[in-house]
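Structure below is protein-v5.cif: mmCIF, C-alpha atoms.
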data_input
loop_
_atom_site.label_atom_id
_atom_site.label_comp_id
_atom_site.auth_asym_id
_atom_site.auth_seq_id
_atom_site.Cartn_x
_atom_site.Cartn_y
_atom_site.Cartn_z
CA MET A 243 0.00 0.00 0.00
CA LYS A 244 1.24 3.50 -0.80
CA GLU A 245 -0.28 6.95 -1.10
CA ALA A 246 -1.86 7.32 -4.51
CA THR A 247 -1.10 9.88 -7.17
CA TYR A 248 -3.78 11.87 -9.00
CA TYR A 249 -6.33 12.79 -6.38
CA GLU A 250 -7.58 15.91 -4.63
CA LYS A 251 -9.33 16.71 -1.38
CA VAL A 252 -12.93 17.87 -1.66
CA ASP A 253 -15.05 18.92 1.37
CA GLY A 254 -13.41 16.46 3.74
CA LYS A 255 -13.42 13.67 1.17
CA VAL A 256 -10.96 12.61 -1.53
CA LYS A 257 -11.63 12.64 -5.27
CA CYS A 258 -9.75 10.19 -7.48
CA LEU A 259 -8.61 11.66 -10.81
CA VAL A 260 -7.25 8.60 -12.61
CA CYS A 261 -10.35 7.52 -14.52
CA PRO A 262 -13.58 9.21 -15.68
CA HIS A 263 -15.60 7.84 -12.75
CA TYR A 264 -13.96 10.51 -10.55
CA CYS A 265 -14.89 8.61 -7.38
CA VAL A 266 -15.44 10.90 -4.38
CA LEU A 267 -14.71 8.88 -1.26
CA ALA A 268 -15.53 9.50 2.37
CA GLU A 269 -13.28 8.14 5.12
CA GLY A 270 -12.88 4.38 4.82
CA LYS A 271 -14.57 4.11 1.41
CA VAL A 272 -13.07 2.51 -1.69
CA GLY A 273 -13.50 3.41 -5.35
CA ILE A 274 -15.39 1.50 -8.02
CA CYS A 275 -12.16 -0.26 -8.96
CA ARG A 276 -11.67 -1.40 -5.33
CA GLY A 277 -8.01 -0.44 -5.60
CA ARG A 278 -8.05 3.02 -3.97
CA LYS A 279 -9.26 3.89 -0.50
CA ASN A 280 -9.66 6.99 1.67
CA ILE A 281 -7.57 6.43 4.81
CA ASP A 282 -7.30 9.35 7.24
CA GLY A 283 -8.15 11.85 4.54
CA LYS A 284 -5.61 10.61 2.02
CA LEU A 285 -6.09 8.36 -0.99
CA TYR A 286 -4.10 5.13 -0.86
CA ALA A 287 -3.46 2.50 -3.50
CA VAL A 288 -4.45 -0.41 -1.27
CA ASN A 289 -3.99 -2.88 -4.13
CA TYR A 290 -0.39 -1.81 -4.80
CA GLY A 291 1.48 -4.89 -6.02
CA GLU A 292 -1.27 -7.23 -4.80
CA THR A 293 -1.35 -9.90 -7.50
CA CYS A 294 -4.01 -12.55 -8.06
CA SER A 295 -2.79 -14.26 -11.25
CA VAL A 296 0.66 -15.14 -12.58
CA ALA A 297 1.50 -17.02 -15.80
CA LEU A 298 3.96 -17.26 -18.67
CA ASP A 299 1.95 -16.76 -21.87
CA PRO A 300 2.55 -16.61 -25.60
CA ILE A 301 2.40 -12.97 -26.64
CA GLU A 302 -0.31 -13.98 -29.11
CA LYS A 303 -2.64 -14.74 -26.19
CA LYS A 304 -2.92 -11.07 -25.18
CA PRO A 305 -3.74 -10.86 -28.17
CA LEU A 306 -0.76 -9.11 -29.75
CA TYR A 307 0.08 -10.47 -33.21
CA HIS A 308 2.45 -7.71 -34.33
CA PHE A 309 4.67 -7.43 -31.26
CA TYR A 310 7.60 -9.85 -31.03
CA PRO A 311 5.63 -12.74 -32.60
CA GLY A 312 6.44 -16.17 -31.19
CA SER A 313 7.77 -14.81 -27.89
CA ASN A 314 6.62 -15.46 -24.31
CA ILE A 315 5.69 -12.80 -21.78
CA PHE A 316 5.36 -12.97 -18.00
CA SER A 317 1.75 -12.05 -17.20
CA VAL A 318 0.26 -10.73 -13.97
CA SER A 319 -3.08 -9.38 -12.82
CA PRO A 320 -4.57 -7.15 -10.14
CA ASN A 321 -7.87 -7.99 -8.46
CA GLY A 322 -10.32 -5.41 -9.81
CA CYS A 323 -11.70 -3.37 -12.70
CA ASN A 324 -13.25 0.04 -13.29
CA LEU A 325 -15.94 -1.35 -15.63
CA SER A 326 -18.89 -3.61 -14.81
CA CYS A 327 -19.27 -5.76 -17.92
CA PRO A 328 -22.07 -8.31 -17.31
CA PHE A 329 -20.42 -10.68 -19.82
CA CYS A 330 -16.90 -10.58 -18.34
CA GLN A 331 -14.94 -13.77 -19.03
CA ASN A 332 -12.67 -13.13 -16.02
CA TRP A 333 -15.34 -11.85 -13.65
CA GLU A 334 -14.01 -13.85 -10.69
CA ILE A 335 -10.93 -11.60 -10.53
CA SER A 336 -12.33 -8.44 -12.11
CA GLN A 337 -15.61 -8.20 -10.17
CA GLY A 338 -15.08 -10.48 -7.17
CA LYS A 339 -12.60 -10.46 -4.31
CA VAL A 340 -9.95 -13.18 -4.39
CA PRO A 341 -6.74 -13.91 -2.47
CA THR A 342 -3.69 -11.93 -3.60
CA GLN A 343 0.05 -12.01 -3.01
CA TYR A 344 2.29 -8.96 -2.91
CA ILE A 345 5.07 -8.77 -5.50
CA GLU A 346 7.69 -6.03 -5.20
CA PRO A 347 8.47 -4.18 -8.45
CA THR A 348 12.06 -5.43 -8.33
CA GLU A 349 10.87 -8.98 -7.72
CA LEU A 350 8.49 -8.86 -10.67
CA ALA A 351 11.26 -7.74 -13.01
CA GLU A 352 13.51 -10.52 -11.73
CA LEU A 353 10.76 -13.11 -12.27
CA ALA A 354 10.31 -11.98 -15.86
CA LYS A 355 14.04 -12.32 -16.49
CA ARG A 356 14.20 -15.72 -14.79
CA TYR A 357 11.59 -17.13 -17.14
CA ASN A 358 13.27 -15.68 -20.27
CA SER A 359 10.31 -13.42 -20.94
CA ILE A 360 10.49 -10.37 -23.20
CA GLY A 361 8.87 -8.43 -20.37
CA VAL A 362 5.70 -8.17 -18.32
CA ALA A 363 2.09 -8.07 -19.47
CA TYR A 364 -0.41 -6.52 -17.09
CA THR A 365 -3.57 -8.34 -18.04
CA TYR A 366 -6.52 -10.68 -17.19
CA ALA A 367 -8.41 -8.11 -15.07
CA GLU A 368 -7.92 -4.33 -15.57
CA PRO A 369 -4.29 -3.22 -15.12
CA LEU A 370 -5.10 0.49 -14.95
CA VAL A 371 -6.56 -0.01 -11.47
CA TRP A 372 -2.93 -0.73 -10.54
CA TYR A 373 -1.91 2.73 -11.73
CA ASP A 374 0.70 3.59 -9.10
CA TYR A 375 2.19 0.10 -9.21
CA LEU A 376 2.45 0.35 -13.01
CA LEU A 377 4.53 3.51 -12.69
CA ASP A 378 7.01 1.87 -10.33
CA VAL A 379 7.22 -1.59 -11.86
CA GLY A 380 7.32 -0.11 -15.36
CA GLU A 381 10.47 1.82 -14.53
CA GLU A 382 12.00 -1.24 -12.90
CA CYS A 383 11.34 -3.38 -15.98
CA HIS A 384 12.88 -0.81 -18.28
CA LYS A 385 16.03 -0.80 -16.14
CA HIS A 386 16.32 -4.49 -16.99
CA LYS A 387 15.51 -3.87 -20.69
CA LEU A 388 12.16 -5.64 -20.34
CA LYS A 389 9.04 -4.63 -22.25
CA ASN A 390 5.84 -3.42 -20.56
CA VAL A 391 2.54 -4.48 -22.12
CA LEU A 392 -0.95 -3.37 -21.10
CA VAL A 393 -4.08 -5.34 -21.95
CA THR A 394 -6.66 -2.77 -21.01
CA ASN A 395 -10.14 -1.33 -21.41
CA GLY A 396 -8.62 2.12 -21.95
CA MET A 397 -10.62 3.82 -19.17
CA ILE A 398 -8.04 6.36 -18.01
CA ASN A 399 -7.96 10.15 -18.02
CA GLU A 400 -5.53 11.94 -20.30
CA GLU A 401 -3.06 13.39 -17.79
CA PRO A 402 -2.31 10.13 -15.93
CA LEU A 403 -2.23 8.31 -19.30
CA ARG A 404 0.44 10.64 -20.67
CA LYS A 405 2.54 10.15 -17.54
CA LEU A 406 2.33 6.36 -17.90
CA LEU A 407 2.86 6.00 -21.65
CA PRO A 408 6.66 6.56 -21.75
CA LEU A 409 6.96 3.29 -19.80
CA ILE A 410 4.65 1.28 -22.07
CA ASN A 411 5.89 -0.58 -25.15
CA ALA A 412 2.65 -2.10 -26.38
CA MET A 413 -1.06 -2.11 -25.62
CA ASN A 414 -4.03 -4.18 -26.61
CA ILE A 415 -7.03 -1.94 -25.99
CA ASP A 416 -10.54 -3.33 -25.84
CA LEU A 417 -12.81 -1.17 -27.98
CA LYS A 418 -16.15 -2.69 -27.01
CA SER A 419 -18.47 -0.63 -29.18
CA MET A 420 -18.81 2.71 -30.94
CA ASP A 421 -22.10 3.31 -29.13
CA GLU A 422 -21.99 5.65 -26.15
CA LYS A 423 -25.18 4.08 -24.77
CA PHE A 424 -23.50 0.65 -24.81
CA TYR A 425 -20.69 2.04 -22.65
CA LYS A 426 -22.79 4.07 -20.23
CA GLU A 427 -25.64 1.62 -19.65
CA PHE A 428 -24.23 -1.82 -20.41
CA VAL A 429 -20.64 -1.74 -19.12
CA LYS A 430 -20.74 1.46 -17.00
CA GLY A 431 -17.94 3.22 -18.84
CA ASP A 432 -17.22 6.17 -21.12
CA LEU A 433 -16.63 5.75 -24.87
CA LYS A 434 -15.07 9.20 -25.36
CA THR A 435 -12.37 8.40 -22.81
CA VAL A 436 -11.55 5.07 -24.45
CA LEU A 437 -11.29 6.64 -27.92
CA ASN A 438 -9.03 9.35 -26.53
CA THR A 439 -6.80 6.72 -24.92
CA ILE A 440 -6.49 4.85 -28.22
CA THR A 441 -5.73 8.02 -30.20
CA ILE A 442 -3.01 9.17 -27.79
CA ALA A 443 -1.48 5.70 -27.32
CA LYS A 444 -1.25 5.17 -31.09
CA LYS A 445 1.29 8.02 -31.21
CA SER A 446 3.37 6.65 -28.32
CA CYS A 447 3.62 2.86 -28.55
CA HIS A 448 2.55 -0.17 -30.53
CA ILE A 449 -1.20 -0.75 -30.23
CA GLU A 450 -3.67 -3.41 -31.31
CA LEU A 451 -7.41 -3.34 -30.75
CA THR A 452 -9.88 -6.05 -29.73
CA ASN A 453 -13.64 -6.09 -30.26
CA LEU A 454 -15.75 -8.77 -28.59
CA LEU A 455 -18.78 -9.36 -30.82
CA ILE A 456 -21.86 -9.87 -28.65
CA PRO A 457 -25.13 -10.96 -30.28
CA THR A 458 -27.88 -8.31 -30.01
CA LYS A 459 -25.48 -5.74 -28.52
CA ASN A 460 -22.73 -4.76 -30.98
CA ASP A 461 -22.78 -7.24 -33.87
CA SER A 462 -24.94 -5.57 -36.52
CA ASP A 463 -23.50 -4.52 -39.87
CA SER A 464 -23.82 -0.87 -38.84
CA ASP A 465 -22.04 -1.53 -35.52
CA ILE A 466 -19.15 -3.24 -37.27
CA THR A 467 -18.94 -0.66 -40.06
CA LYS A 468 -18.85 2.25 -37.61
CA LEU A 469 -16.06 0.55 -35.64
CA VAL A 470 -14.01 -0.24 -38.74
CA ASP A 471 -14.44 3.25 -40.20
CA TRP A 472 -13.15 4.86 -37.00
CA ILE A 473 -10.13 2.54 -36.87
CA ALA A 474 -9.37 3.15 -40.55
CA GLU A 475 -9.29 6.88 -39.84
CA LEU A 476 -7.01 6.27 -36.87
CA GLY A 477 -4.70 4.27 -39.15
CA ASP A 478 -5.52 1.41 -41.50
CA ASP A 479 -2.37 -0.39 -40.35
CA THR A 480 -3.82 -0.81 -36.81
CA PRO A 481 -4.28 -4.54 -36.13
CA LEU A 482 -7.86 -5.41 -35.16
CA HIS A 483 -8.92 -8.63 -33.41
CA PHE A 484 -12.53 -9.76 -33.37
CA SER A 485 -13.29 -12.14 -30.50
CA ARG A 486 -16.11 -14.60 -29.99
CA TYR A 487 -18.44 -14.05 -27.04
CA PHE A 488 -19.53 -16.98 -24.87
CA PRO A 489 -22.34 -16.82 -22.27
CA HIS A 490 -20.74 -16.04 -18.92
CA TYR A 491 -21.25 -14.23 -15.63
CA LYS A 492 -24.56 -12.31 -15.78
CA PHE A 493 -25.19 -12.28 -19.53
CA ARG A 494 -26.63 -15.31 -21.28
CA VAL A 495 -27.44 -14.63 -24.92
CA GLU A 496 -26.27 -17.22 -27.45
CA THR A 497 -22.61 -17.69 -28.36
CA THR A 498 -21.54 -15.51 -31.28
CA PRO A 499 -22.26 -17.46 -34.49
CA GLU A 500 -19.35 -18.26 -36.78
CA ALA A 501 -21.18 -16.45 -39.59
CA THR A 502 -21.12 -13.18 -37.62
CA LEU A 503 -17.35 -13.43 -37.08
CA ARG A 504 -16.78 -14.22 -40.75
CA LYS A 505 -18.94 -11.24 -41.74
CA ALA A 506 -17.00 -8.90 -39.45
CA TRP A 507 -13.68 -10.22 -40.75
CA GLU A 508 -14.68 -9.71 -44.36
CA LEU A 509 -16.12 -6.23 -43.75
CA ALA A 510 -13.05 -5.07 -41.85
CA LYS A 511 -10.57 -6.38 -44.43
CA LYS A 512 -12.03 -3.98 -47.00
CA LYS A 513 -10.60 -1.02 -45.07
CA LEU A 514 -7.98 -2.40 -42.66
CA LYS A 515 -4.70 -4.13 -43.49
CA TYR A 516 -4.51 -6.51 -40.54
CA VAL A 517 -7.70 -8.16 -39.26
CA TYR A 518 -7.89 -11.30 -37.14
CA VAL A 519 -10.52 -13.52 -35.52
CA GLY A 520 -10.01 -15.22 -32.15
CA ASN A 521 -11.72 -17.91 -30.07
CA ILE A 522 -12.70 -19.88 -33.16
CA GLN A 523 -10.87 -21.55 -36.04
CA ILE A 524 -11.67 -19.81 -39.31
CA GLU A 525 -9.11 -20.71 -41.97
CA GLY A 526 -6.67 -17.88 -42.57
CA SER A 527 -8.16 -15.54 -39.98
CA SER A 528 -5.13 -15.72 -37.67
CA ASN A 529 -2.46 -15.33 -40.35
CA THR A 530 -0.61 -12.15 -41.25
CA ILE A 531 -0.66 -11.47 -44.98
CA CYS A 532 1.31 -8.79 -46.82
CA PRO A 533 -1.23 -6.05 -47.71
CA ASN A 534 0.74 -5.26 -50.85
CA CYS A 535 1.39 -8.60 -52.55
CA GLY A 536 -0.66 -11.14 -50.56
CA THR A 537 2.31 -13.23 -49.39
CA LEU A 538 1.84 -15.23 -46.18
CA LEU A 539 4.15 -13.65 -43.61
CA ILE A 540 3.17 -15.29 -40.30
CA GLU A 541 1.12 -18.45 -39.92
CA ARG A 542 -0.68 -18.96 -36.59
CA GLY A 543 -2.67 -21.63 -34.83
CA TRP A 544 -3.83 -21.64 -31.19
CA PHE A 545 -1.29 -19.04 -30.01
CA ALA A 546 1.64 -20.64 -31.87
CA SER A 547 3.35 -18.60 -34.60
CA ARG A 548 5.57 -19.54 -37.53
CA ILE A 549 7.27 -16.73 -39.39
CA THR A 550 7.35 -17.76 -43.04
CA ASN A 551 8.39 -14.80 -45.17
CA LEU A 552 9.24 -11.81 -43.04
CA LYS A 553 12.63 -10.07 -43.21
CA GLY A 554 12.85 -7.77 -40.22
CA LYS A 555 9.77 -5.57 -40.56
CA ASN A 556 9.43 -6.10 -44.30
CA CYS A 557 7.69 -8.57 -46.57
CA GLY A 558 10.30 -11.05 -47.83
CA ASN A 559 8.66 -11.10 -51.25
CA CYS A 560 8.00 -7.46 -52.17
CA GLY A 561 9.73 -5.50 -49.39
CA TYR A 562 6.56 -3.79 -48.14
CA GLU A 563 7.01 -2.44 -44.60
CA ILE A 564 4.70 -4.15 -42.10
CA ASN A 565 3.42 -2.49 -38.93
CA ILE A 566 5.18 -4.94 -36.64
CA VAL A 567 7.72 -4.89 -33.81
CA VAL A 568 10.33 -7.65 -34.05
#
Once you've parsed the file, please lay out its structure as structure tokens.
Amino acid sequence: MKEATYYEKVDGKVKCLVCPHYCVLAEGKVGICRGRKNIDGKLYAVNYGETCSVALDPIEKKPLYHFYPGSNIFSVSPNGCNLSCPFCQNWEISQGKVPTQYIEPTELAELAKRYNSIGVAYTYAEPLVWYDYLLDVGEECHKHKLKNVLVTNGMINEEPLRKLLPLINAMNIDLKSMDEKFYKEFVKGDLKTVLNTITIAKKSCHIELTNLLIPTKNDSDSDITKLVDWIAELGDDTPLHFSRYFPHYKFRVETTPEATLRKAWELAKKKLKYVYVGNIQIEGSSNTICPNCGTLLIERGWFASRITNLKGKNCGNCGYEINIVV
């Protein structure tokens, strides 16, 4: 536990400034994320370094397909989230309270090195609720020439985001919908903040985006088209991953049909250079193809990658530069 950054005192309470919820907390109260608490009139990061999940994962599992393909990354998670998605696949650790173990920033960096990882991925639940820990452990990892990766919902205000970004090498950001109502009513978030995070991060580090297609909620042709159009304007070289929804937690509509995922893949490929489908085997939908000549560059299957015709960052056939970090 340590005193938190980015808060102010308001009428005997404390107001957190990290995310757009702006939680105002009386003595002894915790924020929506459950990671920050008012103790004696000061805001403390009570979840600092408290870790509930640890694993060594393929980088493709994040998913990041254009960031050191074929490598492994040490992955850790806090216990909490600042959204309330009723369909959350990791709700036990994002919405519930589970046992945690404290890991010092120096210890986490040493663990990543010990397991020959390229760095640390902060993932599974929402890493931004670990904000103060990310600042400290991010610096420690960079001292050891390790990469820092965020798998995040993007719900962070601009000032704390800009302070954090120099420590971050890659992000997979979950863009759930282009509908503000979806964010406000269904997942209790803020679309404008997420779009701002993506726009700013794109200029600072490698980013990839994920969209979970949920039947009846964000899977119509207009939903998909609006999402793809915005990403194309951001940059048509931005990798996009469509994921398959499964009934879980509090939401029980049918599993996303294969036809919907195929439709989204085909629609997106008309405007984006790198589009992928996860959680289901659709032939070719996990492979990286040269946008210029159509050569197969990276072949993938169930988080395993085989580089076939990539020379550095360029297509081995035509020399086209790929948006990839290797």
Next item on the list: Record the distance separating CA of Cys294 (chain A) and CA of Trp372 (chain A), expressed in Å with one decimal.
Entry: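 That distance, rounded to one decimal, is 12.1 Å.
The shortest atom-to-atom distance to Thr530 (chain A), with all atoms listed in the file taken into account, belongs to A:Leu306 out of A:Leu306, A:Leu503, A:Val296, A:Val256.
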Check: Mind telling me what the PyMOL selection byres ((chain A and resi 520) around 7) catches here, as a PyMOL selection string?
Finding: chain A and resi 483-486+518-519+521-522
Notebook entry, point to check: So what do you get for CA of Asp253 (chain A) versus CA of Lys284 (chain A), distance-wise?
Noted result: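 We find that CA of Asp253 (chain A) and CA of Lys284 (chain A) lie 12.6 Å from each other.
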Next item on the list: Could you tell me which of A:Pro481, A:Pro320, A:Gly270, A:Pro499 comes closest to Ile531 (chain A) if we count all atoms listed in the file?
Entry: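 That would be A:Pro481, the residue with the smallest distance to Ile531 (chain A).
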Leu325 (chain A) environment, 10 Å, all atoms listed in the file, sequence neighbours closer than 5 positions dropped, as a short mmCIF file (atom, residue, chain, number, x, y, z; two decimals) with C-alpha atoms, in the frame of the given file:
data_model
loop_
_atom_site.label_atom_id
_atom_site.label_comp_id
_atom_site.auth_asym_id
_atom_site.auth_seq_id
_atom_site.Cartn_x
_atom_site.Cartn_y
_atom_site.Cartn_z
CA HIS A 263 -15.60 7.84 -12.75
CA ILE A 274 -15.39 1.50 -8.02
CA CYS A 275 -12.16 -0.26 -8.96
CA CYS A 330 -16.90 -10.58 -18.34
CA SER A 336 -12.33 -8.44 -12.11
CA GLN A 337 -15.61 -8.20 -10.17
CA GLU A 368 -7.92 -4.33 -15.57
CA ASN A 395 -10.14 -1.33 -21.41
CA MET A 397 -10.62 3.82 -19.17
CA TYR A 425 -20.69 2.04 -22.65
CA LYS A 426 -22.79 4.07 -20.23
CA PHE A 428 -24.23 -1.82 -20.41
CA VAL A 429 -20.64 -1.74 -19.12
CA LYS A 430 -20.74 1.46 -17.00
CA GLY A 431 -17.94 3.22 -18.84
CA ASP A 432 -17.22 6.17 -21.12
#
